[in-house]
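S.K.: Structure in structure tokens, see below.
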Amino acid sequence: MQIKHFLQFKDLSRDEFEYLFQRTRWIKEQFKAYQTYHPLHDRTLVMIFEKASTRTRLSFEAGMQQLGGAAIYLNTRDSQLGRGEPVEDAAQVISRMSDLVMIRTFEQEIVERFAAHSRVPVINGLTNEYHPCQILADIYTFIEHRGSIKGKTVAWIGDSNNVCNTWLQAAEVLDFNVHVSTPPGYEVEPERAGLYGTDHYEEFPDPMEAARDADLVTTDVWTSMGFEAENEERKRDFEDWQVDADMMRRAKPDALFMHCLPAHRGEEVAAEVIDGPHSVVWDEAENRLHAQKALMEYLLLGKISND
Ligand code: CP
Ligand code: NVA
């Protein structure tokens, strides 16, 4: 059987996402009802972190334990990964001792090379280019609150970063639209975002226009991990790209607000928005757990029916 990886959003099809959303709902219900469910008994997940994390580590580690398996945490500082061992060699060794690997690193190319030499499925836990697990959970959260995302409009305000790129890929796979507004010089790079075309997104110089009539408004930090040297310059360049209450008023009255977190109140989002009535950020964070449990189960066991 061919190994299935989740390195970018478009690695899975619309049918597979529909299965995962339905499966996430079932897994979440079991968890809320304190039902033991151990389909991954005796399986081991290795998590490799080359960048910091709270949510990703916690949701994968807790999720694997809840499914009956074990999770091992490795970072660059105290493994050989930080001392120049080739990614290909690390992939050979790590995948002979585990059933599943999750990697958070810098260039996308690193996870692609790891996966090409891995005997087990590899999951992208964030790269400079993509954050597919985040958008899996975000779209599940949208569905929980508002139903299908097909045909809906998502407004992305701020940096055209890994989270933005993944929204753009998801729009192509699941057939919705993204209105993007970035400061000049930070526009979407379609090739880097891995897009087939421009049918599912539109760019707006004015963030207020991007937010108009949106079903979901979302943003992220002005400076992502790995780009810290640009922090001061970015603070100046992104000043007008804050999601505030005035911007939320341009969106649909029942629009949701999401942020992958961690957030900087007073920079990319005003406190009145992230802590206000449109915000679903805590559901969004929690759903990382449930959606990734469904993902890990699917990559290891394929489709399962509990009907
Ligand atoms: N949203 C997200 O991936 O959070 P962490 O960086 O805390 O993992
Ligand atoms: N764009 C952010 C997301 C953090 C979860 C970063 O890459 O730092």
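Every chain in the structure tokens takes a letter, A first, then B, and so on in the order presented; its residues are numbered from 1, and the ligands are numbered from 1 following the presented order.
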Compute the set of protein, DNA and RNA residues whose minimum atom distance to ligand 1 is at most 12 Å, using only C-alpha atoms and all ligand atoms, and state it as a short mmCIF file (atom, residue, chain, number, x, y, z; two decimals) with N, CA and C atoms, in the first residue's frame.
M.R.:
data_model
loop_
_atom_site.label_atom_id
_atom_site.label_comp_id
_atom_site.auth_asym_id
_atom_site.auth_seq_id
_atom_site.Cartn_x
_atom_site.Cartn_y
_atom_site.Cartn_z
N MET A 47 7.52 13.20 17.11
CA MET A 47 7.28 14.62 16.78
C MET A 47 8.63 15.32 16.78
N PHE A 49 10.49 18.91 16.42
CA PHE A 49 10.25 20.36 16.44
C PHE A 49 11.55 21.12 16.24
N GLU A 50 11.60 21.90 15.16
CA GLU A 50 12.73 22.82 14.94
C GLU A 50 12.32 24.26 15.25
N LYS A 51 11.03 24.44 15.60
CA LYS A 51 10.53 25.77 16.02
C LYS A 51 9.66 25.54 17.24
N ALA A 52 9.37 26.62 17.98
CA ALA A 52 8.58 26.53 19.20
C ALA A 52 7.14 26.12 18.91
N SER A 53 6.45 25.61 19.93
CA SER A 53 5.03 25.26 19.78
C SER A 53 4.39 25.05 21.14
N THR A 54 3.15 25.45 21.25
CA THR A 54 2.32 25.05 22.39
C THR A 54 1.21 24.12 21.88
N ARG A 55 0.34 24.65 21.00
CA ARG A 55 -0.84 23.90 20.54
C ARG A 55 -0.49 22.65 19.76
N THR A 56 0.48 22.75 18.86
CA THR A 56 0.76 21.62 17.97
C THR A 56 1.33 20.45 18.78
N ARG A 57 2.26 20.77 19.66
CA ARG A 57 2.83 19.70 20.48
C ARG A 57 1.76 19.06 21.36
N LEU A 58 1.01 19.92 22.04
CA LEU A 58 0.01 19.42 22.98
C LEU A 58 -1.05 18.59 22.27
N SER A 59 -1.55 19.08 21.14
CA SER A 59 -2.66 18.39 20.48
C SER A 59 -2.19 17.05 19.89
N PHE A 60 -0.98 17.00 19.34
CA PHE A 60 -0.49 15.72 18.82
C PHE A 60 -0.16 14.74 19.95
N GLU A 61 0.47 15.25 21.00
CA GLU A 61 0.90 14.35 22.08
C GLU A 61 -0.32 13.83 22.86
N MET A 102 5.58 13.52 12.79
CA MET A 102 5.11 14.89 12.59
C MET A 102 6.33 15.80 12.66
N ILE A 103 6.45 16.73 11.72
CA ILE A 103 7.62 17.62 11.71
C ILE A 103 7.19 19.08 11.65
N ARG A 104 7.79 19.92 12.51
CA ARG A 104 7.67 21.39 12.40
C ARG A 104 9.06 21.92 12.11
N THR A 105 9.21 22.57 10.96
CA THR A 105 10.55 23.01 10.58
C THR A 105 10.50 24.28 9.74
N ASN A 124 2.97 17.41 8.18
CA ASN A 124 3.58 18.75 8.31
C ASN A 124 2.93 19.47 9.50
N GLY A 125 3.71 19.72 10.53
CA GLY A 125 3.21 20.44 11.71
C GLY A 125 3.54 21.92 11.64
N LEU A 126 3.84 22.45 10.48
CA LEU A 126 4.14 23.85 10.14
C LEU A 126 5.52 23.95 9.50
N THR A 127 5.53 24.59 8.35
CA THR A 127 6.79 24.98 7.69
C THR A 127 6.67 26.46 7.35
N TYR A 130 3.67 26.32 4.73
CA TYR A 130 2.31 25.79 4.96
C TYR A 130 2.08 25.40 6.42
N HIS A 131 0.77 25.35 6.77
CA HIS A 131 0.36 24.84 8.09
C HIS A 131 -0.95 24.07 7.91
N PRO A 132 -0.88 22.91 7.24
CA PRO A 132 -2.12 22.23 6.84
C PRO A 132 -2.99 21.74 8.01
N CYS A 133 -2.37 21.32 9.13
CA CYS A 133 -3.18 20.84 10.26
C CYS A 133 -4.04 21.98 10.84
N GLN A 134 -3.50 23.20 10.78
CA GLN A 134 -4.25 24.35 11.29
C GLN A 134 -5.53 24.56 10.48
N ILE A 135 -5.41 24.51 9.18
CA ILE A 135 -6.58 24.80 8.34
C ILE A 135 -7.57 23.63 8.37
N LEU A 136 -7.07 22.43 8.55
CA LEU A 136 -7.96 21.28 8.76
C LEU A 136 -8.88 21.56 9.96
N ALA A 137 -8.28 22.00 11.06
CA ALA A 137 -9.05 22.30 12.27
C ALA A 137 -9.93 23.55 12.08
N ASP A 138 -9.41 24.54 11.37
CA ASP A 138 -10.17 25.79 11.18
C ASP A 138 -11.43 25.52 10.36
N ASN A 162 2.52 31.18 5.89
CA ASN A 162 2.18 29.76 5.82
C ASN A 162 0.68 29.48 6.02
N VAL A 163 0.06 30.20 6.94
CA VAL A 163 -1.36 29.97 7.23
C VAL A 163 -2.21 30.49 6.06
N THR A 219 -6.78 36.26 10.55
CA THR A 219 -5.48 36.90 10.44
C THR A 219 -4.45 36.09 11.22
N ASP A 220 -3.24 36.56 11.26
CA ASP A 220 -2.16 35.87 11.97
C ASP A 220 -1.11 36.93 12.32
N VAL A 221 -0.13 36.51 13.08
CA VAL A 221 0.94 37.44 13.49
C VAL A 221 1.56 38.16 12.30
N SER A 224 6.17 35.96 11.47
CA SER A 224 6.16 34.52 11.75
C SER A 224 7.52 34.06 12.26
N MET A 225 7.52 32.86 12.86
CA MET A 225 8.77 32.28 13.36
C MET A 225 9.77 32.13 12.20
N MET A 258 -11.39 34.11 13.29
CA MET A 258 -10.44 33.06 13.71
C MET A 258 -9.01 33.59 13.70
N HIS A 259 -8.19 32.95 14.51
CA HIS A 259 -6.75 33.26 14.58
C HIS A 259 -6.10 31.96 15.05
N CYS A 260 -5.03 31.53 14.37
CA CYS A 260 -4.43 30.24 14.72
C CYS A 260 -3.78 30.27 16.10
N LEU A 261 -3.45 31.48 16.60
CA LEU A 261 -2.77 31.68 17.89
C LEU A 261 -1.33 31.15 17.82
N PRO A 262 -0.40 31.72 18.54
CA PRO A 262 -0.57 32.81 19.51
C PRO A 262 -0.86 34.16 18.83
N ALA A 263 -1.64 35.00 19.55
CA ALA A 263 -2.05 36.30 19.00
C ALA A 263 -1.36 37.44 19.74
N VAL A 281 -11.94 31.51 18.60
CA VAL A 281 -10.54 31.06 18.64
C VAL A 281 -10.30 29.90 19.62
N TRP A 282 -11.11 29.80 20.68
CA TRP A 282 -10.85 28.70 21.64
C TRP A 282 -11.37 27.39 21.08
N GLU A 284 -11.47 26.80 17.94
CA GLU A 284 -10.50 26.56 16.86
C GLU A 284 -9.27 25.85 17.42
N ALA A 285 -8.77 26.34 18.55
CA ALA A 285 -7.58 25.70 19.16
C ALA A 285 -7.92 24.29 19.63
N GLU A 286 -9.06 24.11 20.28
CA GLU A 286 -9.43 22.77 20.77
C GLU A 286 -9.58 21.79 19.61
N ASN A 287 -10.12 22.27 18.51
CA ASN A 287 -10.36 21.36 17.39
C ASN A 287 -9.10 20.85 16.72
N ARG A 288 -7.95 21.47 17.01
CA ARG A 288 -6.68 20.88 16.55
C ARG A 288 -6.59 19.44 17.08
N LEU A 289 -6.96 19.26 18.33
CA LEU A 289 -6.89 17.93 18.96
C LEU A 289 -7.76 16.93 18.21
N GLN A 292 -6.81 16.37 14.35
CA GLN A 292 -5.55 15.63 14.14
C GLN A 292 -5.68 14.17 14.60
#
S.K.: Enumerate as a PyMOL selection string all residues of range 16-231 of chain A assigned to helix (DSSP H, G or I) by DSSP on the backbone, naming them with the chain letters and numbers the document uses.
M.R.: chain A and resi 16-32+55-66+80-83+87-96+108-116+132-146+162-174+190-193+207-211+228-231
S.K.: With only C-alpha atoms and all ligand atoms as the basis for distance, which of A:Ala155, A:Val120, A:Cys164, A:Leu299 is at the shortest distance from ligand 2?
M.R.: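 Of A:Ala155, A:Val120, A:Cys164, A:Leu299, the one nearest ligand 2, counting only C-alpha atoms and all ligand atoms, is A:Cys164.
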S.K.: Find the residues around Phe17 in chain A up to 9 Å (only C-alpha atoms counted), leave out those fewer than 5 positions away in its own chain, and share them as a count of residues only.
M.R.: 4
S.K.: Skip Gln35 in chain A itself and residues of its chain fewer than 6 positions away, then list as a count of residues only all residues within 12 Å of it, counting only C-alpha atoms.
M.R.: 6
S.K.: If we count only C-alpha atoms, what is near Ala251 in chain A at a cut-off of 8 Å, once residues fewer than 4 positions away on the same chain are taken out, given as a list in words?
M.R.: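 Answer for this query is Ala211, Arg212, Asp213, Ala214, Asp215, Leu216, Val217, Met247 and Ala255 of chain A.
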S.K.: With N, CA, C and O atoms retained, export the selected residues as a PDB file, in the first residue's frame.
M.R.:
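Contents of out_9.pdb, as written:
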ATOM      1  N   ALA A 211     -12.629  42.610   3.773  1.00  0.00           N
ATOM      2  CA  ALA A 211     -13.517  42.086   4.828  1.00  0.00           C
ATOM      3  C   ALA A 211     -15.004  42.185   4.444  1.00  0.00           C
ATOM      4  O   ALA A 211     -15.842  41.510   5.051  1.00  0.00           O
ATOM      5  N   ARG A 212     -15.298  43.005   3.444  1.00  0.00           N
ATOM      6  CA  ARG A 212     -16.713  43.262   3.110  1.00  0.00           C
ATOM      7  C   ARG A 212     -17.461  41.956   2.800  1.00  0.00           C
ATOM      8  O   ARG A 212     -17.037  41.161   1.974  1.00  0.00           O
ATOM      9  N   ASP A 213     -18.569  41.754   3.524  1.00  0.00           N
ATOM     10  CA  ASP A 213     -19.476  40.609   3.318  1.00  0.00           C
ATOM     11  C   ASP A 213     -18.815  39.234   3.517  1.00  0.00           C
ATOM     12  O   ASP A 213     -19.338  38.225   3.027  1.00  0.00           O
ATOM     13  N   ALA A 214     -17.711  39.208   4.205  1.00  0.00           N
ATOM     14  CA  ALA A 214     -17.050  37.914   4.450  1.00  0.00           C
ATOM     15  C   ALA A 214     -17.844  37.081   5.459  1.00  0.00           C
ATOM     16  O   ALA A 214     -18.509  37.615   6.350  1.00  0.00           O
ATOM     17  N   ASP A 215     -17.757  35.750   5.301  1.00  0.00           N
ATOM     18  CA  ASP A 215     -18.376  34.826   6.268  1.00  0.00           C
ATOM     19  C   ASP A 215     -17.414  34.530   7.411  1.00  0.00           C
ATOM     20  O   ASP A 215     -17.840  34.103   8.483  1.00  0.00           O
ATOM     21  N   LEU A 216     -16.140  34.738   7.141  1.00  0.00           N
ATOM     22  CA  LEU A 216     -15.104  34.482   8.150  1.00  0.00           C
ATOM     23  C   LEU A 216     -13.984  35.493   7.924  1.00  0.00           C
ATOM     24  O   LEU A 216     -13.549  35.685   6.785  1.00  0.00           O
ATOM     25  N   VAL A 217     -13.559  36.144   9.000  1.00  0.00           N
ATOM     26  CA  VAL A 217     -12.406  37.043   8.919  1.00  0.00           C
ATOM     27  C   VAL A 217     -11.296  36.391   9.737  1.00  0.00           C
ATOM     28  O   VAL A 217     -11.537  35.939  10.870  1.00  0.00           O
ATOM     29  N   MET A 247     -13.626  46.878  11.225  1.00  0.00           N
ATOM     30  CA  MET A 247     -13.450  45.944  10.102  1.00  0.00           C
ATOM     31  C   MET A 247     -14.463  44.800  10.186  1.00  0.00           C
ATOM     32  O   MET A 247     -15.034  44.386   9.172  1.00  0.00           O
ATOM     33  N   ALA A 255     -20.579  36.900  10.838  1.00  0.00           N
ATOM     34  CA  ALA A 255     -19.223  36.444  10.467  1.00  0.00           C
ATOM     35  C   ALA A 255     -18.477  35.921  11.697  1.00  0.00           C
ATOM     36  O   ALA A 255     -18.654  36.431  12.808  1.00  0.00           O
TER      37      ALA A 255
END
S.K.: Please, which residues in range 73-124 of chain A fall within 12 Å of range 175-196 of chain A when counting only C-alpha atoms, and what is the closest atom pair and distance in Å to one decimal for each, ordered by chain then residue number, as a Markdown table?
M.R.:
| residue | atom | partner | partner_atom | distance |
| --- | --- | --- | --- | --- |
| A:Glu107 | CA | A:Arg192 | CA | 11.1 |
| A:Gln108 | CA | A:Arg192 | CA | 9.9 |
| A:Glu109 | CA | A:Arg192 | CA | 11.5 |
S.K.: Which residues come within 9 Å of Gly226 in chain A, counting only C-alpha atoms, excluding same-chain residues fewer than 2 positions away, as a PyMOL selection string?
M.R.: chain A and resi 51+106+128+223-224+228-229
S.K.: Emit the selected residues as a PDB file, in the first residue's frame, including N, CA, C and O atoms.
M.R.:
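Contents of again.pdb, as written:
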ATOM      1  N   LYS A  51      11.033  24.445  15.602  1.00  0.00           N
ATOM      2  CA  LYS A  51      10.528  25.765  16.015  1.00  0.00           C
ATOM      3  C   LYS A  51       9.655  25.537  17.245  1.00  0.00           C
ATOM      4  O   LYS A  51       9.194  24.410  17.474  1.00  0.00           O
ATOM      5  N   PHE A 106      11.579  24.587   9.061  1.00  0.00           N
ATOM      6  CA  PHE A 106      11.700  25.819   8.266  1.00  0.00           C
ATOM      7  C   PHE A 106      11.205  25.570   6.838  1.00  0.00           C
ATOM      8  O   PHE A 106      10.012  25.593   6.588  1.00  0.00           O
ATOM      9  N   ASN A 128       7.738  27.036   6.806  1.00  0.00           N
ATOM     10  CA  ASN A 128       7.654  28.440   6.376  1.00  0.00           C
ATOM     11  C   ASN A 128       6.528  28.634   5.358  1.00  0.00           C
ATOM     12  O   ASN A 128       5.938  29.704   5.274  1.00  0.00           O
ATOM     13  N   THR A 223       4.728  38.913  12.219  1.00  0.00           N
ATOM     14  CA  THR A 223       6.056  38.306  12.028  1.00  0.00           C
ATOM     15  C   THR A 223       6.012  36.842  12.435  1.00  0.00           C
ATOM     16  O   THR A 223       5.835  36.522  13.616  1.00  0.00           O
ATOM     17  N   SER A 224       6.166  35.959  11.465  1.00  0.00           N
ATOM     18  CA  SER A 224       6.157  34.524  11.755  1.00  0.00           C
ATOM     19  C   SER A 224       7.519  34.065  12.258  1.00  0.00           C
ATOM     20  O   SER A 224       8.538  34.747  12.058  1.00  0.00           O
ATOM     21  N   GLU A 228      12.090  36.836  12.510  1.00  0.00           N
ATOM     22  CA  GLU A 228      12.181  37.793  13.620  1.00  0.00           C
ATOM     23  C   GLU A 228      13.033  39.012  13.290  1.00  0.00           C
ATOM     24  O   GLU A 228      12.772  40.110  13.793  1.00  0.00           O
ATOM     25  N   ALA A 229      14.028  38.860  12.429  1.00  0.00           N
ATOM     26  CA  ALA A 229      14.912  39.988  12.090  1.00  0.00           C
ATOM     27  C   ALA A 229      14.133  41.124  11.423  1.00  0.00           C
ATOM     28  O   ALA A 229      14.566  42.274  11.432  1.00  0.00           O
TER      29      ALA A 229
END
S.K.: CA of Lys293 in chain A and CA of Phe31 in chain A, how far apart in Å?
M.R.: 10.6 Å
S.K.: Write out as an MDAnalysis selection string all residues of range 1-188 of chain A that backbone DSSP assigns to strand (DSSP E).
M.R.: chainID A and resid 44:49 70:75 100:104 122:124 153:157 177:181
S.K.: Hey, can you check how far CA of Met64 in chain A sits from CA of Ala170 in chain A?
M.R.: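 CA of Ala170 in chain A lies 25.1 Å from CA of Met64 in chain A.
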S.K.: With only C-alpha atoms and all ligand atoms as the basis for distance, which of A:Asp244, A:Tyr34, A:Ser160, A:His41 is at the shortest distance from ligand 2?
M.R.: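 Nearest candidate to ligand 2 out of A:Asp244, A:Tyr34, A:Ser160, A:His41: A:Ser160.
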